[in-house]
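K.L.:
What follows is run-v7.cif, mmCIF, C-alpha atoms and all ligand atoms.
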data_coords
loop_
_atom_site.label_atom_id
_atom_site.label_comp_id
_atom_site.auth_asym_id
_atom_site.auth_seq_id
_atom_site.Cartn_x
_atom_site.Cartn_y
_atom_site.Cartn_z
CA MET R 279 -23.32 -11.40 199.56
CA ILE R 280 -20.38 -13.79 199.36
CA ILE R 281 -21.88 -17.27 199.59
CA GLU R 282 -19.89 -20.16 200.96
CA PRO R 283 -20.82 -23.80 201.40
CA ARG R 284 -22.15 -24.71 204.84
CA THR R 285 -22.48 -28.45 205.14
CA ARG R 286 -24.19 -30.52 207.74
CA GLY R 287 -23.70 -34.24 207.18
CA PHE R 288 -24.83 -35.11 203.69
CA ILE R 289 -26.63 -31.85 203.07
CA CYS R 290 -25.41 -28.38 202.25
CA LEU R 291 -27.40 -25.53 203.73
CA THR R 292 -26.35 -22.89 201.21
CA ALA R 293 -26.34 -22.69 197.43
CA HIS R 294 -24.59 -20.44 194.95
CA PRO R 295 -26.70 -18.80 192.22
CA LYS R 296 -23.84 -18.33 189.75
CA GLY R 297 -22.56 -21.87 190.23
CA CYS R 298 -26.05 -23.32 189.74
CA GLU R 299 -26.49 -21.17 186.66
CA LYS R 300 -23.17 -22.35 185.24
CA ASN R 301 -24.17 -25.98 185.80
CA VAL R 302 -27.40 -25.43 183.91
CA MET R 303 -25.63 -23.61 181.07
CA ASP R 304 -23.14 -26.48 180.76
CA GLN R 305 -25.99 -29.00 180.59
CA ILE R 306 -27.78 -26.95 177.93
CA GLU R 307 -24.55 -26.76 175.91
CA TYR R 308 -24.10 -30.50 176.18
CA VAL R 309 -27.61 -31.27 174.94
CA LYS R 310 -27.24 -28.84 172.03
CA SER R 311 -23.90 -30.38 171.06
CA LYS R 312 -25.57 -33.77 170.63
CA GLY R 313 -28.09 -32.52 168.07
CA ALA R 314 -31.87 -32.56 167.80
CA ILE R 315 -33.99 -35.34 169.28
CA ASP R 316 -37.37 -36.05 167.71
CA GLY R 317 -39.15 -36.10 171.06
CA ALA R 318 -42.21 -34.79 172.88
CA LYS R 319 -43.23 -31.16 172.37
CA LYS R 320 -45.34 -30.44 175.45
CA VAL R 321 -43.80 -31.84 178.57
CA LEU R 322 -44.62 -31.83 182.27
CA VAL R 323 -41.68 -32.62 184.56
CA ILE R 324 -42.52 -33.50 188.16
CA GLY R 325 -39.33 -33.09 190.22
CA ALA R 326 -37.89 -30.72 187.62
CA SER R 327 -35.41 -28.66 189.61
CA THR R 328 -32.41 -30.94 190.28
CA GLY R 329 -30.85 -34.27 189.33
CA PHE R 330 -32.48 -36.46 186.69
CA GLY R 331 -35.63 -34.35 186.50
CA LEU R 332 -33.73 -31.16 185.70
CA ALA R 333 -31.68 -33.05 183.10
CA SER R 334 -34.94 -34.33 181.60
CA ARG R 335 -36.38 -30.83 181.39
CA ILE R 336 -33.20 -29.49 179.78
CA THR R 337 -33.08 -32.37 177.27
CA SER R 338 -36.76 -31.90 176.37
CA ALA R 339 -36.43 -28.16 175.88
CA PHE R 340 -33.04 -27.87 174.25
CA GLY R 341 -33.00 -31.25 172.50
CA SER R 342 -36.57 -31.32 171.19
CA GLY R 343 -37.70 -27.69 171.45
CA ALA R 344 -40.39 -28.68 173.94
CA ALA R 345 -42.63 -26.40 175.94
CA THR R 346 -42.08 -27.43 179.57
CA ILE R 347 -43.90 -27.06 182.84
CA GLY R 348 -41.78 -27.91 185.88
CA VAL R 349 -43.10 -28.86 189.31
CA TYR R 350 -40.69 -28.90 192.24
CA PHE R 351 -40.34 -28.11 195.93
CA GLU R 352 -37.64 -25.52 196.59
CA LYS R 353 -36.90 -22.84 199.12
CA PRO R 354 -36.97 -19.26 197.80
CA PRO R 355 -34.14 -16.89 198.74
CA SER R 356 -34.40 -14.32 201.51
CA GLU R 357 -32.23 -11.43 202.66
CA LYS R 358 -30.69 -13.77 205.22
CA ARG R 359 -30.36 -17.00 203.30
CA PRO R 360 -29.71 -18.09 199.76
CA ALA R 361 -32.36 -20.23 198.03
CA SER R 362 -32.08 -24.00 197.69
CA PRO R 363 -30.16 -25.06 194.57
CA GLY R 364 -33.20 -26.15 192.55
CA TRP R 365 -34.52 -22.61 192.80
CA TYR R 366 -31.40 -21.19 191.14
CA ASN R 367 -31.29 -24.05 188.62
CA THR R 368 -34.86 -23.35 187.56
CA ALA R 369 -34.28 -19.61 187.34
CA ALA R 370 -31.33 -20.21 185.01
CA PHE R 371 -33.19 -22.79 182.95
CA GLU R 372 -36.28 -20.65 182.41
CA LYS R 373 -34.24 -17.58 181.56
CA GLU R 374 -32.38 -19.51 178.85
CA ALA R 375 -35.53 -21.22 177.58
CA HIS R 376 -37.33 -17.89 177.25
CA LYS R 377 -34.35 -16.40 175.41
CA GLU R 378 -34.79 -19.10 172.79
CA GLY R 379 -38.52 -18.52 172.56
CA LEU R 380 -39.43 -21.72 174.41
CA TYR R 381 -42.44 -21.85 176.71
CA ALA R 382 -41.29 -22.61 180.28
CA LYS R 383 -43.33 -22.14 183.44
CA SER R 384 -43.18 -23.70 186.85
CA ILE R 385 -45.02 -24.42 190.04
CA ASN R 386 -43.28 -24.59 193.41
CA GLY R 387 -45.03 -26.72 196.01
CA ASP R 388 -45.85 -30.19 197.23
CA ALA R 389 -46.44 -32.38 194.17
CA PHE R 390 -48.14 -34.99 196.38
CA SER R 391 -50.95 -32.56 197.24
CA ASN R 392 -54.27 -32.10 195.45
CA GLU R 393 -53.75 -28.33 195.36
CA ILE R 394 -50.52 -28.47 193.38
CA LYS R 395 -51.95 -31.09 191.03
CA GLN R 396 -55.01 -28.91 190.37
CA GLN R 397 -52.87 -25.82 189.84
CA THR R 398 -50.77 -27.74 187.31
CA LEU R 399 -53.84 -29.09 185.52
CA ASP R 400 -55.27 -25.58 185.27
CA LEU R 401 -52.01 -24.26 183.84
CA ILE R 402 -51.88 -27.01 181.21
CA LYS R 403 -55.51 -26.35 180.29
CA ALA R 404 -54.94 -22.62 179.95
CA ASP R 405 -51.60 -22.65 178.16
CA LEU R 406 -50.92 -25.96 176.42
CA GLY R 407 -54.27 -27.65 175.95
CA GLN R 408 -52.81 -31.13 176.12
CA ILE R 409 -49.42 -32.62 176.93
CA ASP R 410 -47.62 -35.53 175.30
CA MET R 411 -45.13 -36.44 178.03
CA VAL R 412 -44.92 -36.57 181.82
CA ILE R 413 -41.55 -37.20 183.43
CA TYR R 414 -41.93 -38.31 187.03
CA SER R 415 -38.67 -37.72 188.92
CA LEU R 416 -39.55 -37.05 192.54
CA ALA R 417 -37.20 -38.03 195.34
CA SER R 418 -38.58 -37.23 198.75
CA PRO R 419 -38.22 -38.58 202.28
CA VAL R 420 -41.85 -37.81 203.19
CA ARG R 421 -45.32 -37.73 201.65
CA THR R 422 -48.57 -36.50 203.07
CA HIS R 423 -51.34 -38.54 201.50
CA PRO R 424 -53.79 -36.17 199.78
CA ASP R 425 -56.91 -38.17 200.68
CA THR R 426 -56.20 -39.23 204.25
CA GLY R 427 -53.75 -36.58 205.45
CA VAL R 428 -51.47 -39.33 206.79
CA ARG R 429 -47.82 -38.31 206.66
CA TYR R 430 -45.57 -41.19 205.58
CA LYS R 431 -41.80 -41.24 206.12
CA SER R 432 -39.57 -43.44 204.00
CA VAL R 433 -36.64 -45.31 205.52
CA LEU R 434 -33.49 -46.83 204.04
CA LYS R 435 -33.26 -50.18 205.76
CA PRO R 436 -32.52 -53.78 204.87
CA ILE R 437 -35.31 -56.33 205.11
CA GLY R 438 -35.08 -59.53 207.12
CA GLY R 439 -31.67 -59.10 208.70
CA LYS R 440 -29.13 -56.59 209.86
CA PHE R 441 -26.91 -55.10 207.15
CA GLU R 442 -23.21 -54.77 207.89
CA ASN R 443 -20.71 -53.43 205.43
CA LYS R 444 -18.32 -50.60 204.70
CA THR R 445 -19.29 -47.02 204.15
CA VAL R 446 -17.44 -43.76 203.71
CA ASP R 447 -17.88 -40.26 205.05
CA PHE R 448 -17.00 -38.46 201.84
CA HIS R 449 -16.18 -35.22 203.65
CA THR R 450 -13.39 -36.83 205.67
CA GLY R 451 -12.61 -39.86 203.51
CA LYS R 452 -12.97 -42.10 206.54
CA VAL R 453 -14.04 -45.64 205.72
CA SER R 454 -15.83 -47.39 208.55
CA ASN R 455 -18.20 -50.24 209.18
CA VAL R 456 -21.86 -49.46 209.27
CA SER R 457 -24.55 -51.63 210.71
CA ILE R 458 -28.19 -50.99 209.85
CA GLU R 459 -31.02 -52.64 211.72
CA PRO R 460 -33.68 -54.30 209.55
CA ALA R 461 -37.04 -52.77 208.75
CA GLN R 462 -39.77 -53.29 211.30
CA GLY R 463 -43.39 -52.35 211.83
CA ASP R 464 -44.74 -50.23 208.98
CA ASP R 465 -41.31 -49.35 207.54
CA ILE R 466 -41.88 -51.11 204.24
CA GLU R 467 -45.38 -49.81 203.56
CA ASN R 468 -44.39 -46.31 204.62
CA THR R 469 -41.48 -46.30 202.18
CA VAL R 470 -43.67 -47.67 199.40
CA ALA R 471 -46.25 -44.96 200.15
CA VAL R 472 -43.59 -42.26 199.64
CA MET R 473 -41.41 -43.59 196.82
CA GLY R 474 -43.70 -46.15 195.14
CA GLY R 475 -46.00 -45.50 192.20
CA GLU R 476 -49.25 -44.37 193.82
CA ASP R 477 -48.65 -40.66 193.34
CA TRP R 478 -47.40 -41.14 189.78
CA LYS R 479 -50.67 -42.91 188.93
CA MET R 480 -52.70 -40.19 190.66
CA TRP R 481 -51.09 -37.56 188.44
CA ILE R 482 -51.73 -39.49 185.24
CA ASP R 483 -55.31 -40.40 186.22
CA GLN R 484 -56.20 -36.80 186.98
CA LEU R 485 -54.62 -35.53 183.77
CA GLN R 486 -56.45 -38.17 181.77
CA LYS R 487 -59.77 -37.53 183.48
CA GLU R 488 -59.62 -33.91 182.42
CA GLY R 489 -58.71 -34.81 178.84
CA LEU R 490 -55.25 -33.31 179.03
CA LEU R 491 -53.31 -36.22 177.53
CA ALA R 492 -52.60 -36.08 173.81
CA ASP R 493 -52.86 -39.13 171.59
CA GLY R 494 -49.68 -41.22 171.82
CA PHE R 495 -48.95 -39.78 175.26
CA THR R 496 -45.93 -41.19 177.10
CA THR R 497 -44.86 -41.06 180.74
CA ILE R 498 -41.61 -42.15 182.35
CA ALA R 499 -40.37 -42.59 185.92
CA TYR R 500 -36.87 -43.42 187.15
CA SER R 501 -35.67 -46.45 189.02
CA TYR R 502 -32.43 -48.00 190.22
CA ILE R 503 -31.14 -51.55 190.59
CA GLY R 504 -27.38 -51.58 191.27
CA PRO R 505 -24.99 -54.40 192.12
CA SER R 506 -25.06 -57.17 194.73
CA LEU R 507 -22.75 -55.03 196.89
CA THR R 508 -25.55 -52.60 197.70
CA GLU R 509 -28.46 -54.99 197.20
CA ALA R 510 -29.28 -55.64 200.86
CA VAL R 511 -29.66 -51.97 201.63
CA TYR R 512 -30.97 -50.79 198.26
CA ARG R 513 -32.80 -53.07 195.85
CA LYS R 514 -33.70 -55.73 198.42
CA GLY R 515 -34.27 -53.14 201.13
CA THR R 516 -37.22 -50.88 201.85
CA ILE R 517 -36.42 -48.48 198.99
CA GLY R 518 -36.24 -51.47 196.63
CA ARG R 519 -39.79 -52.41 197.59
CA ALA R 520 -40.85 -48.91 196.63
CA LYS R 521 -39.04 -49.27 193.29
CA ASP R 522 -40.76 -52.65 192.73
CA HIS R 523 -44.05 -50.88 193.27
CA LEU R 524 -43.10 -48.02 190.96
CA GLU R 525 -42.11 -50.48 188.24
CA ALA R 526 -45.34 -52.45 188.62
CA THR R 527 -47.31 -49.21 188.43
CA ALA R 528 -45.94 -48.59 184.92
CA PHE R 529 -48.02 -51.55 183.75
CA THR R 530 -51.14 -50.34 185.52
CA ILE R 531 -50.74 -46.89 184.02
CA SER R 532 -50.09 -48.33 180.54
CA ASP R 533 -53.37 -50.24 180.81
CA SER R 534 -55.32 -47.12 181.65
CA LEU R 535 -53.60 -45.21 178.83
CA LYS R 536 -54.91 -47.51 176.09
CA ALA R 537 -57.67 -45.02 175.31
CA VAL R 538 -55.09 -42.45 174.20
CA ASP R 539 -52.75 -45.03 172.71
CA GLY R 540 -50.31 -44.13 175.46
CA LYS R 541 -47.55 -45.88 177.36
CA ALA R 542 -45.80 -45.68 180.72
CA TYR R 543 -42.13 -46.55 181.06
CA VAL R 544 -39.66 -46.96 183.85
CA SER R 545 -36.02 -46.29 183.07
CA VAL R 546 -33.34 -47.80 185.28
CA ASN R 547 -30.67 -45.14 185.59
CA LYS R 548 -27.06 -45.13 186.74
CA ALA R 549 -25.96 -44.41 190.31
CA LEU R 550 -25.06 -40.75 190.54
CA VAL R 551 -24.31 -38.13 193.13
CA THR R 552 -27.54 -36.24 193.82
CA GLN R 553 -29.09 -34.87 196.96
CA ALA R 554 -31.19 -38.02 197.14
CA SER R 555 -28.37 -40.55 196.76
CA SER R 556 -25.92 -38.83 199.15
CA ALA R 557 -28.33 -39.69 201.95
CA ILE R 558 -28.20 -43.45 201.37
CA PRO R 559 -25.62 -45.33 203.45
CA VAL R 560 -22.99 -47.36 201.55
CA ILE R 561 -23.96 -45.78 198.20
CA PRO R 562 -21.31 -42.99 198.42
CA LEU R 563 -18.52 -45.59 198.80
CA TYR R 564 -19.90 -47.57 195.89
CA ILE R 565 -20.22 -44.44 193.75
CA SER R 566 -16.68 -43.28 194.50
CA LEU R 567 -15.32 -46.66 193.31
CA LEU R 568 -17.71 -46.79 190.37
CA TYR R 569 -16.73 -43.30 189.20
CA LYS R 570 -13.06 -44.25 189.32
CA VAL R 571 -13.59 -47.36 187.21
CA MET R 572 -16.00 -45.75 184.73
CA LYS R 573 -13.77 -42.71 184.27
CA GLU R 574 -10.75 -44.96 183.63
CA LYS R 575 -12.75 -46.81 181.00
CA GLY R 576 -13.99 -43.55 179.47
CA ILE R 577 -17.66 -44.38 180.07
CA HIS R 578 -18.53 -42.12 183.00
CA GLU R 579 -21.76 -40.15 182.67
CA GLY R 580 -23.56 -37.54 184.76
CA CYS R 581 -27.32 -36.86 184.85
CA ILE R 582 -27.35 -34.94 181.59
CA GLU R 583 -25.35 -37.54 179.65
CA GLN R 584 -27.64 -40.27 181.02
CA ILE R 585 -30.87 -38.52 180.10
CA GLN R 586 -29.66 -37.31 176.71
CA ARG R 587 -28.71 -40.90 175.85
CA LEU R 588 -31.96 -42.21 177.31
CA PHE R 589 -34.01 -39.92 175.07
CA GLN R 590 -31.90 -40.27 171.94
CA ASP R 591 -31.09 -43.99 172.00
CA ARG R 592 -33.98 -45.53 173.94
CA LEU R 593 -37.14 -43.50 174.29
CA TYR R 594 -37.41 -41.80 170.92
CA VAL R 595 -36.43 -44.65 168.64
CA GLU R 596 -38.80 -46.83 166.62
CA ASN R 597 -38.92 -49.74 169.05
CA THR R 598 -37.87 -48.79 172.56
CA PRO R 599 -35.67 -51.62 173.84
CA THR R 600 -36.55 -52.98 177.30
CA ASP R 601 -35.45 -55.84 179.55
CA GLU R 602 -37.60 -58.90 180.40
CA GLN R 603 -39.43 -56.84 183.01
CA GLY R 604 -40.30 -54.15 180.50
CA ARG R 605 -37.82 -51.63 181.88
CA ILE R 606 -35.60 -49.35 179.83
CA ARG R 607 -31.97 -49.86 180.86
CA ILE R 608 -29.63 -46.90 180.73
CA ASP R 609 -27.60 -48.33 183.59
CA ASP R 610 -26.06 -50.68 181.01
CA TRP R 611 -22.55 -49.27 181.30
CA GLU R 612 -22.64 -49.23 185.12
CA MET R 613 -23.75 -52.87 185.14
CA ARG R 614 -21.19 -54.06 182.58
CA GLU R 615 -19.42 -57.16 183.84
CA ASP R 616 -15.91 -55.71 183.59
CA VAL R 617 -17.02 -52.60 185.49
CA GLN R 618 -18.70 -54.51 188.30
CA ALA R 619 -15.87 -57.04 188.60
CA ARG R 620 -13.37 -54.22 189.06
CA VAL R 621 -15.59 -52.37 191.56
CA SER R 622 -15.91 -55.57 193.63
CA GLU R 623 -12.13 -56.00 193.75
CA LEU R 624 -11.66 -52.40 194.83
CA TRP R 625 -14.45 -52.70 197.39
CA ALA R 626 -12.52 -55.47 199.16
CA GLU R 627 -9.42 -53.27 199.27
CA ALA R 628 -11.13 -50.06 200.35
CA THR R 629 -9.90 -48.49 203.60
CA SER R 630 -9.42 -44.90 204.72
CA GLU R 631 -5.78 -45.28 203.61
CA THR R 632 -6.38 -46.81 200.18
CA LEU R 633 -9.54 -45.00 199.10
CA PRO R 634 -7.95 -41.72 197.96
CA GLU R 635 -5.90 -43.83 195.51
CA ILE R 636 -8.35 -46.54 194.42
CA GLY R 637 -11.56 -44.50 194.56
CA ASP R 638 -12.69 -41.20 193.10
CA LEU R 639 -13.39 -39.43 196.37
CA LYS R 640 -12.37 -36.13 194.81
CA GLY R 641 -14.87 -36.63 192.01
CA TYR R 642 -17.55 -37.53 194.51
CA GLU R 643 -16.87 -34.49 196.63
CA LYS R 644 -16.73 -32.17 193.63
CA ASP R 645 -20.02 -33.51 192.31
CA PHE R 646 -21.57 -33.11 195.76
CA PHE R 647 -20.52 -29.47 196.03
CA ASN R 648 -21.50 -28.88 192.40
CA LEU R 649 -25.08 -29.86 193.31
CA PHE R 650 -25.21 -26.69 195.38
CA GLY R 651 -23.34 -24.56 192.86
CA PHE R 652 -19.99 -24.74 194.62
CA LYS R 653 -16.57 -25.73 193.24
CA VAL R 654 -17.93 -25.20 189.73
CA ASP R 655 -15.19 -24.46 187.20
CA GLY R 656 -15.29 -20.97 185.81
CA VAL R 657 -17.17 -19.35 188.70
CA ASP R 658 -15.60 -16.56 190.74
CA TYR R 659 -16.58 -17.25 194.33
CA ASP R 660 -14.94 -14.08 195.66
CA GLU R 661 -17.42 -12.01 193.71
CA ASP R 662 -20.35 -10.46 195.55
CA VAL R 663 -23.55 -12.04 194.24
CA ASN R 664 -27.19 -11.18 194.63
CA GLU R 665 -28.88 -14.13 196.33
CA ILE R 666 -32.33 -12.79 195.43
CA VAL R 667 -33.00 -14.33 192.05
CA GLU R 668 -36.43 -14.55 190.44
CA ILE R 669 -37.74 -17.50 188.50
CA PRO R 670 -39.22 -15.91 185.37
CA GLY R 671 -41.94 -18.50 184.72
CA LEU R 672 -42.93 -19.21 188.33
CA GLN R 673 -46.71 -19.17 188.75
P1 LIG X 701 -33.07 -35.10 193.35
O1 LIG X 701 -33.08 -34.99 194.82
O2 LIG X 701 -31.96 -34.47 192.60
O3 LIG X 701 -34.44 -34.53 192.73
C1 LIG X 701 -35.66 -34.60 193.39
C2 LIG X 701 -36.66 -33.64 192.77
O4 LIG X 701 -37.93 -33.84 193.42
C3 LIG X 701 -36.34 -32.15 192.96
O5 LIG X 701 -36.74 -31.45 191.81
C4 LIG X 701 -37.22 -31.74 194.14
O6 LIG X 701 -37.56 -30.37 194.17
C5 LIG X 701 -38.42 -32.59 193.86
N1 LIG X 701 -39.28 -32.83 195.03
C6 LIG X 701 -38.98 -33.52 196.16
N2 LIG X 701 -40.06 -33.56 196.97
C7 LIG X 701 -41.05 -32.90 196.33
C8 LIG X 701 -42.41 -32.61 196.62
N3 LIG X 701 -42.99 -33.02 197.75
N4 LIG X 701 -43.13 -31.89 195.73
C9 LIG X 701 -42.57 -31.45 194.58
N5 LIG X 701 -41.29 -31.72 194.23
C10 LIG X 701 -40.56 -32.43 195.09
O7 LIG X 701 -33.16 -36.66 193.05
P2 LIG X 701 -32.74 -37.60 191.82
O8 LIG X 701 -31.57 -38.41 192.25
O9 LIG X 701 -32.70 -36.85 190.54
O10 LIG X 701 -33.97 -38.61 191.84
C11 LIG X 701 -35.02 -38.58 190.90
C12 LIG X 701 -35.47 -40.02 190.64
O11 LIG X 701 -34.39 -40.74 190.03
C13 LIG X 701 -35.84 -40.79 191.91
O12 LIG X 701 -36.94 -41.62 191.64
C14 LIG X 701 -34.60 -41.63 192.16
O13 LIG X 701 -34.87 -42.80 192.90
C15 LIG X 701 -34.21 -41.96 190.74
N6 LIG X 701 -32.83 -42.45 190.56
C16 LIG X 701 -31.78 -41.83 191.16
C17 LIG X 701 -30.50 -42.36 191.01
C18 LIG X 701 -29.31 -41.70 191.68
O14 LIG X 701 -28.27 -42.35 191.77
N7 LIG X 701 -29.39 -40.47 192.08
C19 LIG X 701 -30.29 -43.47 190.21
C20 LIG X 701 -31.38 -44.06 189.56
C21 LIG X 701 -32.65 -43.54 189.75
NA NA X 702 -35.07 -35.06 189.79
#
Represent the supplied structure as structure tokens.
P.N.:
Amino acid sequence: MIIEPRTRGFICLTAHPKGCEKNVMDQIEYVKSKGAIDGAKKVLVIGASTGFGLASRITSAFGSGAATIGVYFEKPPSEKRPASPGWYNTAAFEKEAHKEGLYAKSINGDAFSNEIKQQTLDLIKADLGQIDMVIYSLASPVRTHPDTGVRYKSVLKPIGGKFENKTVDFHTGKVSNVSIEPAQGDDIENTVAVMGGEDWKMWIDQLQKEGLLADGFTTIAYSYIGPSLTEAVYRKGTIGRAKDHLEATAFTISDSLKAVDGKAYVSVNKALVTQASSAIPVIPLYISLLYKVMKEKGIHEGCIEQIQRLFQDRLYVENTPTDEQGRIRIDDWEMREDVQARVSELWAEATSETLPEIGDLKGYEKDFFNLFGFKVDGVDYDEDVNEIVEIPGLQ
């Protein structure tokens, strides 16, 4: 079939297998071009199919020659409908990994569930024995608790007061004012239940209980801070409470890992266009200004550049540098004073009329479509493609 983008709000309902494959190939090329990283050799990536998790899997495999198991939640293709992008990404990744003789298998299902955890544990036991790294990169709006069956929904709301600021619809370029009512009722605890650290700890505890963690084991999860411009709705909002919890959980996990001389890290990453971040109000306007400024200064990075630098310059060096709260910072270039000062100036000037000039709306839009394999350079979209693609290592 000929596959075209079909968008609804901040999601795209279709994905292009060739475009997704090209994205993955480009990321693999990038990692190879930066040389070998002396990193983990047996790696489990939870949330492995898109965004930072996919970049982490690619960097582990093609930077350090790691065997990887990926866990993700993606829709398979059918005769009527293409798959979700992470399906095609994973198919391309595993095909390339296998070509180079690298072990790569995956499990598609709800990572929050006991069933998927058990299936993953069994696979590790059977194939790898032990693992030396878990990358935890889930982004989900909902979580069904495995013990109670309660289904939690996360919300993106400010805490304490109404949030009013600018936002942009990146499809139309229209800048408007948005007003978001503050969290109420169980909003905060629900969001913490979905995006906080409880599930991360459950994974590590279960792996450890079954003796599947190698000596010197490391685990890492991803967080975000961002500037004062987005603070009320992000870091000081409901999602920020979940990130506080995730960051605190790193310490709890590190304590329980003492027996294997292990350590849990959180890395604070840069704001980037992913399926998760497109859904957050105000963030797309911030990102379009940030991209403009960082590209002008020659310091723009995507997921793969971020993770490659994280592994090479932070994680796998003698003494991993962290901030006062013990977090790895790879958002250092985003948070640079000159970058943030310029973004603030532009923010004040941003209107529907000025944004095409002062912001990188084009870059935002291209990145958004690229997530789904569209508008990828070097792909012929007039070509008939087979939407039925198999993932070679899918269990
Ligand atoms: P993403 O949407 O690209 O990736 C989410 C991944 O989680 C996918 O692989 C998806 O299949 C998987 N997933 C979702 N629900 C699942 C479930 N129930 N079971 C199994 N897999 C499931 O998101 P991302 O932006 O790469 O986010 C990953 C992490 O990075 C998040 O913790 C996010 O907060 C953090 N982060 C993101 C940004 C950003 O700007 N995008 C910045 C800093 C940190
Ligand atoms: Na991810």
K.L.:
Measure the distance from CA of Val446 (chain R) to CA of Val560 (chain R) in Å and round it to one decimal.
P.N.:
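Atom-to-atom, CA of Val446 (chain R) and CA of Val560 (chain R) are spaced 7.0 Å apart.
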K.L.:
Starting from 6 Å padding per side, set up an axis-aligned box that covers all listed atoms of ligand LIG 701 (chain X) and hand over centre and edge lengths in Å, one decimal, as JSON.
P.N.:
{"center_x": -35.7, "center_y": -37.2, "center_z": 193.7, "size_x": 26.9, "size_y": 25.7, "size_z": 20.2}
K.L.:
Can you tell me, as a list in words, what residues are no more than 12 Å from Lys514 (chain R) when counting all atoms listed in the file, ignoring any on the same chain fewer than 4 positions away?
P.N.:
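Everything that qualifies: Leu434, Lys435, Pro436, Ile437, Gly438, Gly439, Phe441, Pro460, Ala461, Ile466, Tyr502, Ile503, Gly504, Pro505, Ser506, Leu507, Thr508, Glu509, Ala510, Gly518, Arg519, Ala520, Lys521 and Asp522 of chain R.
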K.L.:
Let me make sure I understand: among R:Val544, R:Val309, R:Ala549, R:Leu649, which one has the smallest atom-to-atom distance to Thr292 (chain R) if we use all atoms listed in the file?
P.N.:
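Nearest candidate to Thr292 (chain R) out of R:Val544, R:Val309, R:Ala549, R:Leu649: R:Leu649.
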K.L.:
Which residue is closest to His423 (chain R)? Choose from R:Ala375, R:Val472, R:Ala318, R:Val456 and count all atoms listed in the file.
P.N.:
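Checking each candidate against His423 (chain R), we get R:Val472 as the closest.
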K.L.:
In Å, rounded to a single decimal, give me how far CA of Glu631 (chain R) is from CA of Val551 (chain R).
P.N.:
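That distance, rounded to one decimal, is 22.5 Å.
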K.L.:
Work out how far atom C12 of ligand LIG 701 (chain X) is from CA of Gly331 (chain R), in Å to one decimal.
P.N.:
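Atom-to-atom, CA of Gly331 (chain R) to atom C12 of ligand LIG 701 (chain X), that is 7.0 Å.
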K.L.:
Using all atoms listed in the file, determine which residues fall within 8 Å of ligand NA 702 (chain X), then list them as a PDB file with C-alpha atoms, in the coordinates of the input.
P.N.:
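Result file follows (out27.pdb):
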ATOM      1  CA  ILE R 324     -42.520 -33.500 188.160  1.00  0.00           C
ATOM      2  CA  GLY R 325     -39.330 -33.090 190.220  1.00  0.00           C
ATOM      3  CA  ALA R 326     -37.890 -30.720 187.620  1.00  0.00           C
ATOM      4  CA  SER R 327     -35.410 -28.660 189.610  1.00  0.00           C
ATOM      5  CA  THR R 328     -32.410 -30.940 190.280  1.00  0.00           C
ATOM      6  CA  GLY R 329     -30.850 -34.270 189.330  1.00  0.00           C
ATOM      7  CA  PHE R 330     -32.480 -36.460 186.690  1.00  0.00           C
ATOM      8  CA  GLY R 331     -35.630 -34.350 186.500  1.00  0.00           C
ATOM      9  CA  LEU R 332     -33.730 -31.160 185.700  1.00  0.00           C
ATOM     10  CA  ALA R 333     -31.680 -33.050 183.100  1.00  0.00           C
ATOM     11  CA  SER R 415     -38.670 -37.720 188.920  1.00  0.00           C
ATOM     12  CA  LEU R 416     -39.550 -37.050 192.540  1.00  0.00           C
ATOM     13  CA  ALA R 417     -37.200 -38.030 195.340  1.00  0.00           C
TER      14      ALA R 417
END
K.L.:
Taking into account all atoms listed in the file, which residue in the set R:Glu393, R:Asp493, R:Glu442, R:Asp539 is nearest to ligand LIG 701 (chain X)?
P.N.:
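Under the stated criterion, the closest residue is R:Glu393.
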K.L.:
Given only C-alpha atoms and all ligand atoms as the basis, pick out the residue of R:Ile582, R:Leu639, R:Leu550, R:Cys298 nearest to ligand LIG 701 (chain X).
P.N.:
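Ranked by minimum distance to ligand LIG 701 (chain X), first place goes to R:Leu550.
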K.L.:
Compute the distance from (-22.2, -39.5, 198.5) to each atom, counting all atoms listed in the file, keep the residues with any atom at most 10 Å away, and return them as a PyMOL selection string; use the coordinates of the file.
P.N.:
chain R and resi 288-289+445-449+550-566+639+642-643+645-646
K.L.:
List as a PDB file with C-alpha atoms, keeping the file's coordinate frame the residues having at least one atom at most 9 Å from position (-23.8, -14.9, 192.6) as given in the file, counting only C-alpha atoms.
P.N.:
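Just written: part.pdb:
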ATOM      1  CA  MET R 279     -23.320 -11.400 199.560  1.00  0.00           C
ATOM      2  CA  ILE R 280     -20.380 -13.790 199.360  1.00  0.00           C
ATOM      3  CA  ILE R 281     -21.880 -17.270 199.590  1.00  0.00           C
ATOM      4  CA  HIS R 294     -24.590 -20.440 194.950  1.00  0.00           C
ATOM      5  CA  PRO R 295     -26.700 -18.800 192.220  1.00  0.00           C
ATOM      6  CA  LYS R 296     -23.840 -18.330 189.750  1.00  0.00           C
ATOM      7  CA  GLY R 297     -22.560 -21.870 190.230  1.00  0.00           C
ATOM      8  CA  VAL R 657     -17.170 -19.350 188.700  1.00  0.00           C
ATOM      9  CA  ASP R 658     -15.600 -16.560 190.740  1.00  0.00           C
ATOM     10  CA  TYR R 659     -16.580 -17.250 194.330  1.00  0.00           C
ATOM     11  CA  GLU R 661     -17.420 -12.010 193.710  1.00  0.00           C
ATOM     12  CA  ASP R 662     -20.350 -10.460 195.550  1.00  0.00           C
ATOM     13  CA  VAL R 663     -23.550 -12.040 194.240  1.00  0.00           C
ATOM     14  CA  ASN R 664     -27.190 -11.180 194.630  1.00  0.00           C
ATOM     15  CA  GLU R 665     -28.880 -14.130 196.330  1.00  0.00           C
TER      16      GLU R 665
END
